[in-house]
>>> print(open('model-v1.cif').read())   # mmCIF, C-alpha atoms
data_input
#
loop_
_atom_site.label_atom_id
_atom_site.label_comp_id
_atom_site.auth_asym_id
_atom_site.auth_seq_id
_atom_site.Cartn_x
_atom_site.Cartn_y
_atom_site.Cartn_z
CA MET G 1 3.33 25.74 0.59
CA ASN G 2 3.49 21.97 0.71
CA GLN G 3 1.34 21.80 -2.38
CA LYS G 4 3.85 23.99 -4.19
CA LYS G 5 6.76 21.86 -3.02
CA GLU G 6 5.09 18.64 -4.14
CA ALA G 7 4.29 20.14 -7.54
CA PHE G 8 7.90 21.28 -7.91
CA LYS G 9 9.22 17.83 -7.03
CA ALA G 10 6.85 16.22 -9.52
CA ALA G 11 7.69 18.70 -12.29
CA PHE G 12 11.47 18.77 -12.02
CA PRO G 13 12.34 15.29 -13.41
CA HIS G 14 10.35 16.00 -16.59
CA THR G 15 12.47 19.06 -17.27
CA ILE G 16 15.90 17.37 -17.04
CA PRO G 17 16.31 16.80 -20.80
CA VAL G 18 15.34 20.42 -21.44
CA MET G 19 17.81 21.51 -18.76
CA THR G 20 20.64 19.83 -20.66
CA GLY G 21 19.54 21.28 -23.97
CA TYR G 22 18.82 24.78 -22.73
CA LEU G 23 21.98 25.16 -20.66
CA PHE G 24 23.97 24.19 -23.73
CA LEU G 25 22.02 26.12 -26.38
CA GLY G 26 21.62 29.08 -24.04
CA ALA G 27 25.37 29.10 -23.45
CA ALA G 28 25.98 28.93 -27.19
CA TYR G 29 23.68 31.94 -27.56
CA GLY G 30 25.55 33.88 -24.89
CA ILE G 31 28.86 33.15 -26.60
CA LEU G 32 27.48 34.18 -29.99
CA MET G 33 26.11 37.44 -28.57
CA ASN G 34 29.48 38.12 -26.96
CA THR G 35 31.31 37.71 -30.24
CA LYS G 36 28.90 40.26 -31.76
CA GLY G 37 29.69 42.78 -29.05
CA PHE G 38 26.67 42.29 -26.77
CA GLY G 39 27.49 41.82 -23.11
CA ILE G 40 25.61 40.00 -20.40
CA GLY G 41 23.06 42.82 -19.96
CA TRP G 42 21.53 42.53 -23.42
CA THR G 43 21.90 38.76 -23.48
CA LEU G 44 19.99 38.33 -20.20
CA PHE G 45 17.36 40.89 -21.17
CA ILE G 46 16.66 39.08 -24.44
CA SER G 47 16.71 35.60 -22.91
CA VAL G 48 14.29 36.64 -20.16
CA PHE G 49 11.82 38.52 -22.36
CA VAL G 50 12.06 36.96 -25.83
CA PHE G 51 12.59 33.39 -24.53
CA ALA G 52 12.52 31.77 -27.95
CA GLY G 53 15.57 29.72 -28.88
CA SER G 54 15.65 29.77 -32.64
CA MET G 55 14.24 33.31 -32.83
CA GLN G 56 17.02 34.61 -30.61
CA TYR G 57 19.60 33.11 -32.95
CA VAL G 58 17.84 34.71 -35.92
CA GLY G 59 17.60 37.89 -33.84
CA VAL G 60 21.39 38.17 -33.71
CA THR G 61 21.33 38.96 -37.43
CA LEU G 62 18.63 41.59 -36.81
CA LEU G 63 20.74 43.24 -34.13
CA THR G 64 23.83 43.35 -36.30
CA SER G 65 22.29 44.76 -39.49
CA ILE G 66 20.41 47.92 -40.51
CA PHE G 67 17.67 49.16 -38.16
CA ASN G 68 14.33 47.91 -39.47
CA PRO G 69 11.76 47.27 -36.72
CA ILE G 70 8.91 46.32 -39.08
CA TYR G 71 11.07 43.66 -40.70
CA ALA G 72 12.15 42.46 -37.24
CA PHE G 73 8.50 42.11 -36.24
CA LEU G 74 7.43 40.29 -39.42
CA LEU G 75 10.44 37.99 -39.35
CA THR G 76 9.61 37.08 -35.74
CA LEU G 77 6.04 36.20 -36.74
CA MET G 78 7.37 34.00 -39.58
CA VAL G 79 10.00 32.20 -37.53
CA ASN G 80 7.61 31.62 -34.62
CA ALA G 81 4.50 30.82 -36.67
CA ARG G 82 4.64 27.20 -35.48
CA HIS G 83 3.78 28.47 -31.99
CA LEU G 84 0.24 29.10 -33.22
CA PHE G 85 -0.19 25.33 -33.30
CA TYR G 86 0.98 25.05 -29.69
CA GLY G 87 -1.62 27.56 -28.57
CA ILE G 88 -4.41 25.72 -30.38
CA SER G 89 -3.21 22.43 -28.87
CA MET G 90 -3.12 23.86 -25.35
CA LEU G 91 -6.45 25.77 -25.42
CA GLU G 92 -8.22 23.11 -23.37
CA LYS G 93 -5.35 22.18 -21.08
CA TYR G 94 -4.60 25.79 -20.15
CA GLN G 95 -8.28 26.47 -19.48
CA GLY G 96 -8.92 27.25 -15.84
CA THR G 97 -5.29 28.00 -15.07
CA GLY G 98 -6.34 31.47 -13.91
CA LYS G 99 -3.50 33.70 -12.77
CA PHE G 100 -0.95 31.25 -14.18
CA LYS G 101 -2.27 31.50 -17.71
CA PRO G 102 -0.42 34.61 -18.98
CA TYR G 103 2.92 33.18 -17.89
CA LEU G 104 2.16 29.68 -19.21
CA VAL G 105 1.28 31.22 -22.59
CA PHE G 106 4.33 33.50 -22.56
CA GLY G 107 6.64 30.55 -21.90
CA LEU G 108 5.23 28.22 -24.56
CA THR G 109 8.52 27.36 -26.30
CA ASP G 110 8.99 24.26 -28.48
CA GLU G 111 10.44 22.31 -25.58
CA THR G 112 8.02 23.50 -22.90
CA PHE G 113 5.11 22.75 -25.23
CA SER G 114 6.42 19.26 -25.91
CA ILE G 115 6.44 18.49 -22.17
CA GLN G 116 3.17 20.25 -21.33
CA CYS G 117 1.21 18.54 -24.09
CA SER G 118 2.53 15.05 -23.36
CA ILE G 119 2.62 14.92 -19.55
CA ASP G 120 -0.18 15.40 -17.04
CA ALA G 121 0.30 16.24 -13.39
CA PRO G 122 0.34 13.02 -11.32
CA LYS G 123 -2.65 12.28 -9.08
CA GLY G 124 -2.77 14.47 -5.99
CA ILE G 125 -0.51 17.14 -7.48
CA ASP G 126 -1.89 20.62 -8.17
CA ARG G 127 -1.89 20.79 -11.96
CA ASN G 128 -1.59 24.58 -12.15
CA TRP G 129 1.56 24.67 -10.03
CA PHE G 130 2.89 21.60 -11.87
CA MET G 131 2.54 23.28 -15.27
CA PHE G 132 3.85 26.56 -13.86
CA PHE G 133 7.03 24.93 -12.54
CA ILE G 134 7.71 23.14 -15.83
CA THR G 135 7.54 26.48 -17.64
CA LEU G 136 9.49 28.35 -14.96
CA LEU G 137 12.27 25.75 -14.72
CA ASP G 138 12.71 25.74 -18.51
CA HIS G 139 12.83 29.54 -18.47
CA ILE G 140 15.46 29.52 -15.69
CA TYR G 141 17.62 26.96 -17.54
CA TRP G 142 17.56 29.12 -20.65
CA VAL G 143 18.47 32.30 -18.79
CA ILE G 144 21.22 30.62 -16.74
CA GLY G 145 22.61 28.98 -19.88
CA SER G 146 22.76 32.36 -21.62
CA ALA G 147 24.51 33.91 -18.62
CA ILE G 148 27.07 31.10 -18.44
CA GLY G 149 27.82 31.49 -22.15
CA SER G 150 28.08 35.23 -21.87
CA LEU G 151 30.39 35.22 -18.83
CA LEU G 152 32.36 32.00 -19.07
CA GLY G 153 32.08 30.94 -22.70
CA TYR G 154 35.77 31.38 -23.36
CA ILE G 155 36.87 28.86 -20.74
CA VAL G 156 34.67 25.99 -21.92
CA ASN G 157 37.01 23.74 -23.81
CA PHE G 158 35.57 20.25 -23.78
CA ASN G 159 34.17 19.22 -27.13
CA THR G 160 30.44 19.90 -27.05
CA GLU G 161 29.83 19.15 -30.73
CA GLY G 162 26.55 17.29 -31.08
CA LEU G 163 25.22 18.11 -27.61
CA ASP G 164 22.32 20.04 -29.13
CA PHE G 165 21.02 16.66 -30.33
CA VAL G 166 19.55 16.28 -26.82
CA LEU G 167 16.50 18.28 -27.92
CA THR G 168 16.05 16.21 -31.09
CA ALA G 169 16.25 13.12 -28.87
CA LEU G 170 13.61 14.63 -26.55
CA PHE G 171 11.20 15.16 -29.44
CA VAL G 172 11.86 11.66 -30.82
CA VAL G 173 11.09 10.12 -27.42
CA ILE G 174 7.90 12.17 -27.05
CA PHE G 175 6.93 11.08 -30.55
CA ILE G 176 7.33 7.42 -29.52
CA ASN G 177 5.38 7.98 -26.27
CA GLN G 178 2.53 9.62 -28.18
CA TRP G 179 2.62 6.83 -30.77
CA LYS G 180 2.19 4.24 -28.03
CA SER G 181 -0.60 6.24 -26.34
CA THR G 182 -3.07 6.02 -29.23
CA LYS G 183 -4.18 3.52 -31.86
CA ASN G 184 -4.78 6.24 -34.42
CA HIS G 185 -1.46 7.13 -35.99
CA ILE G 186 -2.71 9.35 -38.82
CA PRO G 187 -2.04 12.72 -37.10
CA ALA G 188 1.48 11.64 -36.09
CA LEU G 189 2.26 10.42 -39.60
CA VAL G 190 0.81 13.59 -41.14
CA GLY G 191 3.03 15.62 -38.82
CA LEU G 192 6.09 13.65 -39.83
CA ILE G 193 5.55 13.33 -43.58
CA SER G 194 4.15 16.80 -44.44
CA PRO G 195 7.29 18.68 -43.34
CA ILE G 196 9.52 16.16 -45.16
CA ILE G 197 7.63 16.82 -48.40
CA CYS G 198 7.77 20.59 -47.85
CA LEU G 199 11.45 20.44 -46.90
CA LEU G 200 12.21 18.72 -50.22
CA ILE G 201 10.19 21.30 -52.17
CA PHE G 202 10.88 24.57 -50.33
CA GLY G 203 14.26 23.94 -48.67
CA GLN G 204 15.17 24.41 -45.02
CA ASP G 205 14.58 28.16 -44.82
CA GLY G 206 10.99 28.22 -46.02
CA PHE G 207 9.36 24.88 -45.32
CA ILE G 208 7.71 25.42 -41.93
CA ILE G 209 4.74 27.54 -43.00
CA PRO G 210 3.90 25.39 -46.08
CA ALA G 211 4.22 22.33 -43.82
CA MET G 212 1.80 23.88 -41.29
CA ILE G 213 -0.69 24.59 -44.09
CA LEU G 214 -0.35 21.07 -45.48
CA ILE G 215 -0.90 19.57 -42.00
CA LEU G 216 -4.03 21.71 -41.53
CA VAL G 217 -5.41 20.72 -44.95
CA ILE G 218 -4.86 17.00 -44.42
CA LEU G 219 -6.24 17.05 -40.86
CA THR G 220 -9.30 18.91 -42.16
CA ILE G 221 -9.85 16.33 -44.91
CA PHE G 222 -9.57 13.46 -42.41
CA ARG G 223 -11.71 15.16 -39.77
CA GLY G 224 -14.66 12.76 -40.15
CA LYS G 225 -12.35 9.80 -39.69
CA LEU G 226 -10.26 11.19 -36.82
CA GLU G 227 -12.88 13.01 -34.75
CA GLY G 228 -13.22 11.40 -31.36
CA GLY G 229 -10.83 8.62 -32.29
CA MET G 230 -7.75 9.96 -30.56
CA GLU G 231 -8.39 8.96 -26.98
CA GLU G 232 -7.67 5.38 -26.11
CA MET E 1 27.50 47.16 -33.08
CA THR E 2 25.83 49.11 -35.84
CA LEU E 3 22.61 49.89 -33.94
CA THR E 4 22.32 52.51 -31.23
CA PRO E 5 21.14 51.23 -27.82
CA VAL E 6 17.67 52.67 -28.46
CA GLN E 7 17.47 50.97 -31.85
CA THR E 8 18.63 47.72 -30.27
CA LEU E 9 15.95 48.04 -27.62
CA ILE E 10 13.23 48.70 -30.21
CA THR E 11 14.36 45.68 -32.26
CA VAL E 12 14.28 43.48 -29.15
CA VAL E 13 10.82 44.78 -28.23
CA MET E 14 9.64 43.85 -31.75
CA MET E 15 10.97 40.33 -31.18
CA VAL E 16 9.18 40.15 -27.82
CA VAL E 17 5.87 41.38 -29.25
CA GLY E 18 6.10 39.06 -32.26
CA THR E 19 6.90 36.03 -30.09
CA VAL E 20 4.20 36.76 -27.53
CA LEU E 21 1.66 37.25 -30.32
CA THR E 22 2.35 33.90 -31.98
CA ARG E 23 1.97 32.20 -28.60
CA ALA E 24 -1.08 34.16 -27.41
CA ILE E 25 -3.22 34.58 -30.56
CA PRO E 26 -5.08 31.25 -30.18
CA PHE E 27 -5.90 32.09 -26.54
CA ILE E 28 -7.03 35.62 -27.49
CA LEU E 29 -9.19 34.39 -30.40
CA PHE E 30 -10.72 31.56 -28.38
CA PRO E 31 -11.08 32.73 -24.77
CA SER E 32 -12.18 30.12 -22.24
CA ASN E 33 -15.38 31.99 -21.32
CA LYS E 34 -16.71 31.64 -24.90
CA LYS E 35 -17.57 28.48 -26.78
CA THR E 36 -14.62 27.45 -28.95
CA PRO E 37 -15.66 26.31 -32.47
CA THR E 38 -15.75 22.51 -32.66
CA PHE E 39 -13.29 22.58 -35.55
CA VAL E 40 -10.71 24.34 -33.35
CA LEU E 41 -11.35 21.87 -30.53
CA TYR E 42 -10.83 19.05 -33.03
CA LEU E 43 -7.51 20.62 -34.09
CA GLY E 44 -6.55 20.94 -30.44
CA LYS E 45 -7.00 17.18 -30.08
CA VAL E 46 -5.08 16.04 -33.17
CA LEU E 47 -2.46 18.78 -33.59
CA PRO E 48 -0.28 17.76 -30.60
CA TYR E 49 0.41 14.47 -32.36
CA SER E 50 1.28 16.22 -35.63
CA VAL E 51 3.33 19.02 -34.10
CA ILE E 52 5.85 16.71 -32.43
CA GLY E 53 6.54 15.10 -35.82
CA LEU E 54 6.99 18.58 -37.25
CA LEU E 55 9.45 19.42 -34.46
CA VAL E 56 11.49 16.27 -35.14
CA ILE E 57 11.83 17.25 -38.80
CA TYR E 58 12.50 20.87 -37.80
CA CYS E 59 15.48 19.69 -35.74
CA LEU E 60 16.77 17.58 -38.61
CA LYS E 61 16.21 20.19 -41.33
CA GLY E 62 19.94 20.90 -41.76
CA VAL E 63 20.85 17.25 -42.35
CA SER E 64 22.11 16.60 -45.89
CA LEU E 65 21.48 13.20 -47.45
CA THR E 66 23.67 13.97 -50.47
CA ASN E 67 26.80 15.16 -48.66
CA PRO E 68 28.90 13.30 -46.08
CA PRO E 69 28.06 12.11 -43.50
CA TYR E 70 24.68 11.64 -45.28
CA GLY E 71 22.63 11.88 -42.12
CA ILE E 72 24.11 8.60 -40.89
CA PRO E 73 24.91 9.82 -37.33
CA GLU E 74 21.33 11.13 -36.96
CA ALA E 75 19.88 7.90 -38.36
CA ILE E 76 21.98 5.68 -36.07
CA ALA E 77 21.21 7.79 -33.00
CA ILE E 78 17.46 7.82 -33.72
CA VAL E 79 17.37 4.05 -34.34
CA CYS E 80 19.20 3.54 -31.02
CA ILE E 81 16.67 5.78 -29.26
CA LEU E 82 13.80 3.84 -30.86
CA ILE E 83 15.15 0.45 -29.82
CA LEU E 84 16.13 1.58 -26.33
CA HIS E 85 12.86 3.37 -25.70
CA LEU E 86 10.64 0.54 -26.96
CA TRP E 87 12.68 -1.86 -24.83
CA LYS E 88 13.16 0.07 -21.55
CA SER E 89 10.58 2.90 -21.80
CA ASN E 90 12.89 5.12 -19.75
CA THR E 91 12.71 8.65 -21.13
CA LEU E 92 15.92 10.00 -19.58
CA LEU E 93 17.88 6.87 -20.48
CA SER E 94 16.71 7.02 -24.10
CA ILE E 95 17.47 10.73 -24.47
CA GLY E 96 20.81 10.53 -22.66
CA ALA E 97 22.07 7.46 -24.51
CA GLY E 98 20.87 8.80 -27.87
CA THR E 99 22.69 12.10 -27.32
CA VAL E 100 25.93 10.45 -26.17
CA ILE E 101 25.87 8.09 -29.18
CA TYR E 102 25.31 11.04 -31.49
CA MET E 103 28.15 13.04 -29.94
CA LEU E 104 30.53 10.09 -30.21
CA LEU E 105 29.55 9.69 -33.87
CA VAL E 106 29.94 13.32 -34.94
CA GLN E 107 33.18 13.71 -33.02
CA ASN E 108 34.49 10.62 -34.83
CA LEU E 109 35.22 8.89 -31.58
CA ILE E 110 33.63 5.64 -32.73
CA ILE E 111 33.62 3.85 -36.11
#
>>> encode(input="model-v1.cif", output="structure tokens")
Amino acid sequence: MNQKKEAFKAAFPHTIPVMTGYLFLGAAYGILMNTKGFGIGWTLFISVFVFAGSMQYVGVTLLTSIFNPIYAFLLTLMVNARHLFYGISMLEKYQGTGKFKPYLVFGLTDETFSIQCSIDAPKGIDRNWFMFFITLLDHIYWVIGSAIGSLLGYIVNFNTEGLDFVLTALFVVIFINQWKSTKNHIPALVGLISPIICLLIFGQDGFIIPAMILILVILTIFRGKLEGGMEE
Amino acid sequence: MTLTPVQTLITVVMMVVGTVLTRAIPFILFPSNKKTPTFVLYLGKVLPYSVIGLLVIYCLKGVSLTNPPYGIPEAIAIVCILILHLWKSNTLLSIGAGTVIYMLLVQNLII
């Protein structure tokens, strides 16, 4: 019990930026669903079980057009293809997580991944519970945000424009932390420049998968140089 | 609502299955009780560094450099985060200040 409590206390501060972002983006999702005629039941159901920010936004268009489950499935794979990289990145870290593993994998959103891959449990803290609470807290924020938006969206009247930048800021800060943690900056630069090139060529709706391929190709070419050079 | 409740449910289930698959495939292909190919282990070491860069660009994908405000609010906010974070190394401070600066900029409350 104490072990759990300690892990929770250690995990919580790392999730505060995600809390801000998820409460806001979740609320925006709840409001959007409401305007499309979906009440709190559907909104909660989707936020609990899909738990994928951008996919849920894309999903609104699926739910408001002609019934086409195959297209819905394929579109989900396309939009979430970047998650494949998270899984590959977490293979080692999620090894030995036992009963926690299915949930940790299920909850591997952009934001949860960014915390899990960049932060280790402090000394003396159970790492399984630590990683579990990070995922669970993020999940709870997202669901609560959706519920707030669905129920109370119409009374929010302070200007929230730009609040979603909190997640961009989170990724920028993690990028800086990672940059400082290693002397080898090639993977970080590859990850920054490849999507810019692909964004210019393919535009914002189709650049992610070409960018993933380009990153893989470049990392493969540089393998000899980068292998074993990442840990400092 | 154009879909029936059953059709809505099926569509949502498709979204769930698709999402779970993209997250679980690497773990299914490379289970921990089998030896993972060294190339995949190598990717697991370098990809985290690349993916965060990808996420930054993913967040900024809608920014237009040819139309006002030309990505200036994003650029200013990110430069502020950089300076603040290299100076104070306080994650929450950097994220909070960067977000507030960005909100003030896009809501035209400063400048």
>>> interface_residues(input="model-v1.cif", of="chain G", to="chain E", cutoff="7 Å", atoms="only C-alpha atoms", output="JSON, numbers by chain")
{"G": [17, 37, 46, 49, 50, 63, 64, 65, 67, 69, 72, 73, 76, 77, 80, 81, 83, 84, 85, 87, 88, 89, 90, 91, 95, 105, 106, 108, 117, 161, 162, 163, 165, 166, 168, 169, 170, 171, 172, 173, 175, 178, 187, 188, 190, 191, 192, 195, 196, 204, 227]}
>>> write_last_selection(input="model-v1.cif", atoms="C-alpha atoms", output="PDB file, in the coordinates of the input")
ATOM      1  CA  PRO G  17      16.310  16.800 -20.800  1.00  0.00           C
ATOM      2  CA  GLY G  37      29.690  42.780 -29.050  1.00  0.00           C
ATOM      3  CA  ILE G  46      16.660  39.080 -24.440  1.00  0.00           C
ATOM      4  CA  PHE G  49      11.820  38.520 -22.360  1.00  0.00           C
ATOM      5  CA  VAL G  50      12.060  36.960 -25.830  1.00  0.00           C
ATOM      6  CA  LEU G  63      20.740  43.240 -34.130  1.00  0.00           C
ATOM      7  CA  THR G  64      23.830  43.350 -36.300  1.00  0.00           C
ATOM      8  CA  SER G  65      22.290  44.760 -39.490  1.00  0.00           C
ATOM      9  CA  PHE G  67      17.670  49.160 -38.160  1.00  0.00           C
ATOM     10  CA  PRO G  69      11.760  47.270 -36.720  1.00  0.00           C
ATOM     11  CA  ALA G  72      12.150  42.460 -37.240  1.00  0.00           C
ATOM     12  CA  PHE G  73       8.500  42.110 -36.240  1.00  0.00           C
ATOM     13  CA  THR G  76       9.610  37.080 -35.740  1.00  0.00           C
ATOM     14  CA  LEU G  77       6.040  36.200 -36.740  1.00  0.00           C
ATOM     15  CA  ASN G  80       7.610  31.620 -34.620  1.00  0.00           C
ATOM     16  CA  ALA G  81       4.500  30.820 -36.670  1.00  0.00           C
ATOM     17  CA  HIS G  83       3.780  28.470 -31.990  1.00  0.00           C
ATOM     18  CA  LEU G  84       0.240  29.100 -33.220  1.00  0.00           C
ATOM     19  CA  PHE G  85      -0.190  25.330 -33.300  1.00  0.00           C
ATOM     20  CA  GLY G  87      -1.620  27.560 -28.570  1.00  0.00           C
ATOM     21  CA  ILE G  88      -4.410  25.720 -30.380  1.00  0.00           C
ATOM     22  CA  SER G  89      -3.210  22.430 -28.870  1.00  0.00           C
ATOM     23  CA  MET G  90      -3.120  23.860 -25.350  1.00  0.00           C
ATOM     24  CA  LEU G  91      -6.450  25.770 -25.420  1.00  0.00           C
ATOM     25  CA  GLN G  95      -8.280  26.470 -19.480  1.00  0.00           C
ATOM     26  CA  VAL G 105       1.280  31.220 -22.590  1.00  0.00           C
ATOM     27  CA  PHE G 106       4.330  33.500 -22.560  1.00  0.00           C
ATOM     28  CA  LEU G 108       5.230  28.220 -24.560  1.00  0.00           C
ATOM     29  CA  CYS G 117       1.210  18.540 -24.090  1.00  0.00           C
ATOM     30  CA  GLU G 161      29.830  19.150 -30.730  1.00  0.00           C
ATOM     31  CA  GLY G 162      26.550  17.290 -31.080  1.00  0.00           C
ATOM     32  CA  LEU G 163      25.220  18.110 -27.610  1.00  0.00           C
ATOM     33  CA  PHE G 165      21.020  16.660 -30.330  1.00  0.00           C
ATOM     34  CA  VAL G 166      19.550  16.280 -26.820  1.00  0.00           C
ATOM     35  CA  THR G 168      16.050  16.210 -31.090  1.00  0.00           C
ATOM     36  CA  ALA G 169      16.250  13.120 -28.870  1.00  0.00           C
ATOM     37  CA  LEU G 170      13.610  14.630 -26.550  1.00  0.00           C
ATOM     38  CA  PHE G 171      11.200  15.160 -29.440  1.00  0.00           C
ATOM     39  CA  VAL G 172      11.860  11.660 -30.820  1.00  0.00           C
ATOM     40  CA  VAL G 173      11.090  10.120 -27.420  1.00  0.00           C
ATOM     41  CA  PHE G 175       6.930  11.080 -30.550  1.00  0.00           C
ATOM     42  CA  GLN G 178       2.530   9.620 -28.180  1.00  0.00           C
ATOM     43  CA  PRO G 187      -2.040  12.720 -37.100  1.00  0.00           C
ATOM     44  CA  ALA G 188       1.480  11.640 -36.090  1.00  0.00           C
ATOM     45  CA  VAL G 190       0.810  13.590 -41.140  1.00  0.00           C
ATOM     46  CA  GLY G 191       3.030  15.620 -38.820  1.00  0.00           C
ATOM     47  CA  LEU G 192       6.090  13.650 -39.830  1.00  0.00           C
ATOM     48  CA  PRO G 195       7.290  18.680 -43.340  1.00  0.00           C
ATOM     49  CA  ILE G 196       9.520  16.160 -45.160  1.00  0.00           C
ATOM     50  CA  GLN G 204      15.170  24.410 -45.020  1.00  0.00           C
ATOM     51  CA  GLU G 227     -12.880  13.010 -34.750  1.00  0.00           C
TER      52      GLU G 227
END
>>> residues_around(input="model-v1.cif", residues="G:Tyr103", least_positions_apart="5", cutoff="9 Å", atoms="only C-alpha atoms", output="list in words")
Leu108, Phe132, Thr135 and Leu136 of chain G
>>> closest_residue(input="model-v1.cif", among="G:Ala28, G:Val79, G:Leu226, G:Ile125", to="G:Ile208", atoms="only C-alpha atoms")
G:Val79
>>> closest_residue(input="model-v1.cif", among="G:Lys225, G:Arg82, G:Lys99, G:Lys180", to="G:Ile213", atoms="only C-alpha atoms")
G:Arg82
>>> atom_distance(input="model-v1.cif", atom1="atom CA of G:Cys198", atom2="atom CA of G:Pro210")
6.4 Å
>>> atom_distance(input="model-v1.cif", atom1="atom CA of E:Tyr70", atom2="atom CA of G:Ile174")
24.8 Å
>>> residues_around(input="model-v1.cif", residues="G:Ile16", least_positions_apart="5", cutoff="12 Å", atoms="only C-alpha atoms", output="VMD selection string")
(chain G and resid 10 to 11 21 to 23 111 to 112 115 134 137 to 138 141 166 to 167 170) or (chain E and resid 91 to 93 95 to 96)
>>> atom_distance(input="model-v1.cif", atom1="atom CA of G:Ile140", atom2="atom CA of G:Leu32")
19.3 Å
>>> residues_around(input="model-v1.cif", residues="G:Gly39", least_positions_apart="6", cutoff="9 Å", atoms="only C-alpha atoms", output="PyMOL selection string")
chain G and resi 30+33+150-151
>>> closest_residue(input="model-v1.cif", among="G:Leu74, G:Ile40, G:Ile197, G:Ile209", to="G:Ser146", atoms="only C-alpha atoms")
G:Ile40
>>> resolve_selection(input="model-v1.cif", expression="the PyMOL selection byres ((chain G and resi 54) around 10)", output="number ranges by chain")
G: 25, 29, 51-53, 55-59, 76, 79-80, 109-110
>>> decode(input="model-v1.cif", residues="stretch 91-105 of chain G", atoms="C-alpha atoms", output="CSV table (one decimal), in the first residue's frame")
chain,number,residue,atom,x,y,z
G,91,LEU,CA,9.9,-2.5,-25.9
G,92,GLU,CA,12.7,-2.6,-23.4
G,93,LYS,CA,11.3,-0.3,-20.8
G,94,TYR,CA,7.9,-2.1,-20.6
G,95,GLN,CA,9.7,-5.5,-20.4
G,96,GLY,CA,9.0,-7.1,-17.0
G,97,THR,CA,6.0,-5.0,-16.3
G,98,GLY,CA,3.9,-8.1,-16.0
G,99,LYS,CA,0.2,-7.5,-15.2
G,100,PHE,CA,0.6,-3.8,-15.9
G,101,LYS,CA,1.8,-4.3,-19.4
G,102,PRO,CA,-1.6,-4.5,-21.3
G,103,TYR,CA,-2.8,-1.3,-19.7
G,104,LEU,CA,0.5,0.5,-20.2
G,105,VAL,CA,0.4,-0.5,-23.9
